[in-house]
Structures are given as C-alpha cells and as structure tokens.
Amino acid sequence: MNNILVVGSVNIDYIFNVKNMPKPSETITAKSFKKQYGGKGCNQAFSAKLTGSNVDFLACVGTDGDGVEVKKYLSDLGFCNCSIKECDESTGKAIVMVSDDSENMIVITPGANNLLTPSVVEQNMDLIEKNDIILLQNEIPEQTNYYIINKAKEKGKYVALNLAPARHIPDEYLKQLDCLVVNEIELKFLGKSIEELLDLGVKSILLTLGKKGSKYITKKEKIECDAEKVNAVDTTGAGDAFMGAFFSMYNEGDIQKSLDFATRVASVVVQYTGAQVKKISLIK
Ligand code: RIB
C-alpha cells in the first residue's frame with residue numbers, strides 16, 4: 001500500500017458495443033450502450049484506490065450535469081483528498097466503441113480537463129507534498145505535467161508518467177522521470193529506444209504489451225510477466241488499471257510482485273465492460 005497522488009483527466013465514457021467497427025461514411029446500430037466513468041487519470045486513481053492504496057486525486061470537471069455526477073461519484077469512492085475544481089467548460093467525455101473481437105476505438109473531448117493548469121496544481125501543492133508517488137498521463141495540458149514533474153522532483157517524490165495518448169515530451173522532463181509507462185505504439189512514437197531512454201536518465205520503463213504481458217526495465221534489471229489468458233470482452237482502461245495497481249503495490253525491492261499483481265488486475269478489467277471494475281478490490 002502506498003501514498004499516491006494522481007493528477008489527471010476524468011471523463012464520462014459513452015460505451016457503444018458494436019459487432020464490427022463502422023467504416024468511414026457508414027452508420028451502424030450498436031448492440032448495447034453503457035455510460036460509465038473514465039478518463040485515464042480517474043481510471044488510474046480508481047485502480048490504485050481499490051487495490052488498497054491511500055489515493056489523492058486532482059482533476060477538473062465542468063459546471064454541467066456530468067460534472068455534478070462525477071463529483072458525487074468521486075466523493076463516494078472515498079479518496080483521501082479529492083480536489084476537484086469546477087471549470088466553466090463541459091466535463092470531459094469519451095465515445096468508446098468496443099467490437100465483438102474486443103478491439104476498441106476512443107474519441108475524447110477534453111473539456112474541463114484542458115483547464116487543469118499549473119496554477120490549479122500550485123493551489124494544491126500540499127497534495128504533492130503529502131504523497132510519495134505521483135502518477136501522470138497525457139490527458140491534461142503538457143505544461144501542467146512539466147510543472148508537476150519539476151515541483152515533485154524538487155521535493156524528492158517518485159514520478160511516473162503514462163505516455164497515453166502519445167505526445168512528445170522534451171528531454172529535460174523525460175530524464176527526470178522515475179518511471180515512463182508506455183505500450184509499443186507509444187514507445188515507437190517517442191522515437192527513442194529503451195536503451196536511449198535509460199541513457200538519457202529515465203530511471204525505469206514499464207512496457208505494457210497487451211496479451212503478451214509486460215516488462216519492467218532499468219539499467220540493472222529486466223523483469224517480465226506474462227499476461228493471463230482470459231476471455232477479454234473490453235480492453236478499455238486495462239492499461240490504466242495496470243498502472244494504478246502496479247504503483248499501489250510498488251515496492252522497489254520486489255518489482256516482480258507488483259508486476260504480477262498489476263497483471264492480475266488488468267486481466268480482470270478486460271473481462272468486463274468499462275474501464276473501472278469494482279471487482280479488482282477482491283484481488284490479492
Ligand atoms: O484509457 C481508457 C480511457 O481513455 C477511457 O476511460 C476514456 O475516457 C479515455 O480517456
């Protein structure tokens with residue numbers, strides 16, 4: 001169990017289950033529809049919290065009805081501190097299409113997530129001070145992530161960034177990361193090999209490989225975990241759940257345990273629709 005701050009996005013996910021993905025210009029009818037809470041930041045915070053850590057969450061919602069719903073939902077989840085700023089924008093939303101072969105396509109409109117500025121973080125500096133591990137992703141403004149990386153590292157905190165959705169990050173911030181979490185596509189987008197990233201100064205890379213499992217790589221070690229074979233129905237948010245669970249269990253002395261645990265969590269998440277699956281709280 002760790003003390004974790006997640007700064008990041010929260011969305012309402014509109015999930016359409018379809019037989020096959022629509023082609024350009026095609027209109028199709030969904031087999032079923034569900035509205036759930038999502039956003040990569042919220043998914044990570046949910047996973048870290050439900051797997052037993054003390055979690056603070058800093059996010060922005062809109063002044064619309066969705067914002068009211070999200071605030072109530074987050075308050076019911078029981079984060080230690082949940083600092084949710086209301087902004088004059090709409091709450092983040094995502095259209096998620098999941099096909100019968102469990103592939104997904106996601107379109108987001110960030111709305112209030114784009115207003116999570118460095119000044120919002122500055123007003124909540126106590127959250128950085130009181131936690132040990134800070135989790136970030138790329139659904140809030142890049143300047144905010146850079147600000148947090150600088151401040152958190154000045155204060156000696158552990159910082160992990162999930163490079164999703166993929167976007168470039170200057171070396172001066174990249175090299176300060178304790179952990180860069182990427183999948184193969186994001187790694188390719190970055191245009192640097194794992195060796196180059198480690199040489200630059202990134203302390204560790206957590207590489208997620210979907211069905212093939214995951215790897216944790218530092219200059220000194222490479223630890224691997226195979227993914228469990230399960231009947232996946234929706235892989236949305238599996239990477240977020242994996243990251244939240246990994247850092248919930250994170251212990252520098254036993255990375256294999258964290259990796260195995262996060263893998264079990266992700267394997268449960270993919271068996272249900274939606275990114276936030278309450279059953280993960282039962283995983284030991
Ligand atoms: O990683 C999955 C998440 O991406 C969804 O919950 C959606 O909101 C988008 O942010």
# chains A, B, ... in the order shown; residues from 1 in each chain; ligands from 1

call {"tool": "residues_near_ligand", "arguments": {"ligand": "ligand 1", "cutoff": "10 Å", "atoms": "only C-alpha atoms and all ligand atoms", "output": "ChimeraX atom specification"}}
result
/A:8-15,36-44,92-96,104-110,137-139,164-165,235-241,274-276

call {"tool": "select_by_dssp", "arguments": {"residues": "range 59-207 of chain A", "states": "alpha helix (DSSP H)", "output": "ChimeraX atom specification"}}
result
/A:65-77,118-122,125-130,142-154,171-174,184-190,194-200

call {"tool": "closest_residue", "arguments": {"among": "A:Val182, A:Leu174, A:Leu198, A:Val121", "to": "Ile148 in chain A", "atoms": "only C-alpha atoms"}}
result
A:Val121

call {"tool": "residues_around", "arguments": {"residues": "Ala112 in chain A", "least_positions_apart": "6", "cutoff": "10 Å", "atoms": "only C-alpha atoms", "output": "PyMOL selection string"}}
result
chain A and resi 9-11+59-63+67+85-93+140

call {"tool": "closest_residue", "arguments": {"among": "A:Ile133, A:Leu50, A:Ala30, A:Ala152", "to": "Lys279 in chain A", "atoms": "only C-alpha atoms"}}
result
A:Leu50

call {"tool": "closest_residue", "arguments": {"among": "A:Leu197, A:Ala166, A:Val6, A:Val233", "to": "Val269 in chain A", "atoms": "only C-alpha atoms"}}
result
A:Val233

call {"tool": "residues_around", "arguments": {"residues": "Lys72 in chain A", "least_positions_apart": "6", "cutoff": "12 Å", "atoms": "only C-alpha atoms", "output": "count of residues only"}}
result
8

call {"tool": "residues_around", "arguments": {"residues": "Lys215 in chain A", "least_positions_apart": "4", "cutoff": "12 Å", "atoms": "only C-alpha atoms", "output": "PDB file with C-alpha atoms, in the first residue's frame"}}
result
ATOM      1  CA  LEU A 180       7.895   6.006 -18.022  1.00  0.00           C
ATOM      2  CA  VAL A 181       4.889   3.803 -18.750  1.00  0.00           C
ATOM      3  CA  VAL A 182       4.412   3.043 -22.456  1.00  0.00           C
ATOM      4  CA  ASN A 183       2.976   0.489 -24.824  1.00  0.00           C
ATOM      5  CA  GLU A 184       4.792  -0.478 -28.016  1.00  0.00           C
ATOM      6  CA  ILE A 194      14.593   1.762 -24.297  1.00  0.00           C
ATOM      7  CA  SER A 204      12.779   2.765 -15.345  1.00  0.00           C
ATOM      8  CA  ILE A 205      10.466   1.812 -18.190  1.00  0.00           C
ATOM      9  CA  LEU A 206       7.244  -0.074 -17.654  1.00  0.00           C
ATOM     10  CA  LEU A 207       6.392  -1.548 -21.038  1.00  0.00           C
ATOM     11  CA  THR A 208       2.876  -2.892 -21.457  1.00  0.00           C
ATOM     12  CA  LEU A 209       2.449  -5.488 -24.178  1.00  0.00           C
ATOM     13  CA  GLY A 210      -1.263  -6.297 -24.043  1.00  0.00           C
ATOM     14  CA  GLU A 221      17.452  -5.402 -14.479  1.00  0.00           C
ATOM     15  CA  LYS A 222      14.680  -6.626 -16.736  1.00  0.00           C
ATOM     16  CA  ILE A 223      11.658  -8.183 -15.054  1.00  0.00           C
ATOM     17  CA  GLU A 224       8.879  -9.774 -17.101  1.00  0.00           C
ATOM     18  CA  CYS A 225       5.384 -11.040 -16.551  1.00  0.00           C
ATOM     19  CA  ASP A 226       3.204 -12.968 -18.995  1.00  0.00           C
ATOM     20  CA  ALA A 227      -0.417 -11.906 -19.314  1.00  0.00           C
ATOM     21  CA  PHE A 246       1.385  -1.579 -10.174  1.00  0.00           C
ATOM     22  CA  ILE A 255       9.081  -5.427  -8.559  1.00  0.00           C
ATOM     23  CA  GLN A 256       8.068  -8.921  -9.693  1.00  0.00           C
ATOM     24  CA  SER A 258       3.991  -5.513  -8.331  1.00  0.00           C
ATOM     25  CA  LEU A 259       4.111  -6.673 -11.943  1.00  0.00           C
ATOM     26  CA  ASP A 260       2.310  -9.958 -11.224  1.00  0.00           C
ATOM     27  CA  ALA A 262      -0.950  -5.460 -11.846  1.00  0.00           C
ATOM     28  CA  THR A 263      -1.262  -8.183 -14.475  1.00  0.00           C
TER      29      THR A 263
END

call {"tool": "select_by_dssp", "arguments": {"residues": "range 119-279 of chain A", "states": "strand (DSSP E or B)", "output": "PyMOL selection string"}}
result
chain A and resi 133-136+158-162+179-183+205-208+214-217+222-225

call {"tool": "closest_residue", "arguments": {"among": "A:Met249, A:Cys179, A:Met21, A:Val265", "to": "Ile217 in chain A", "atoms": "only C-alpha atoms"}}
result
A:Cys179
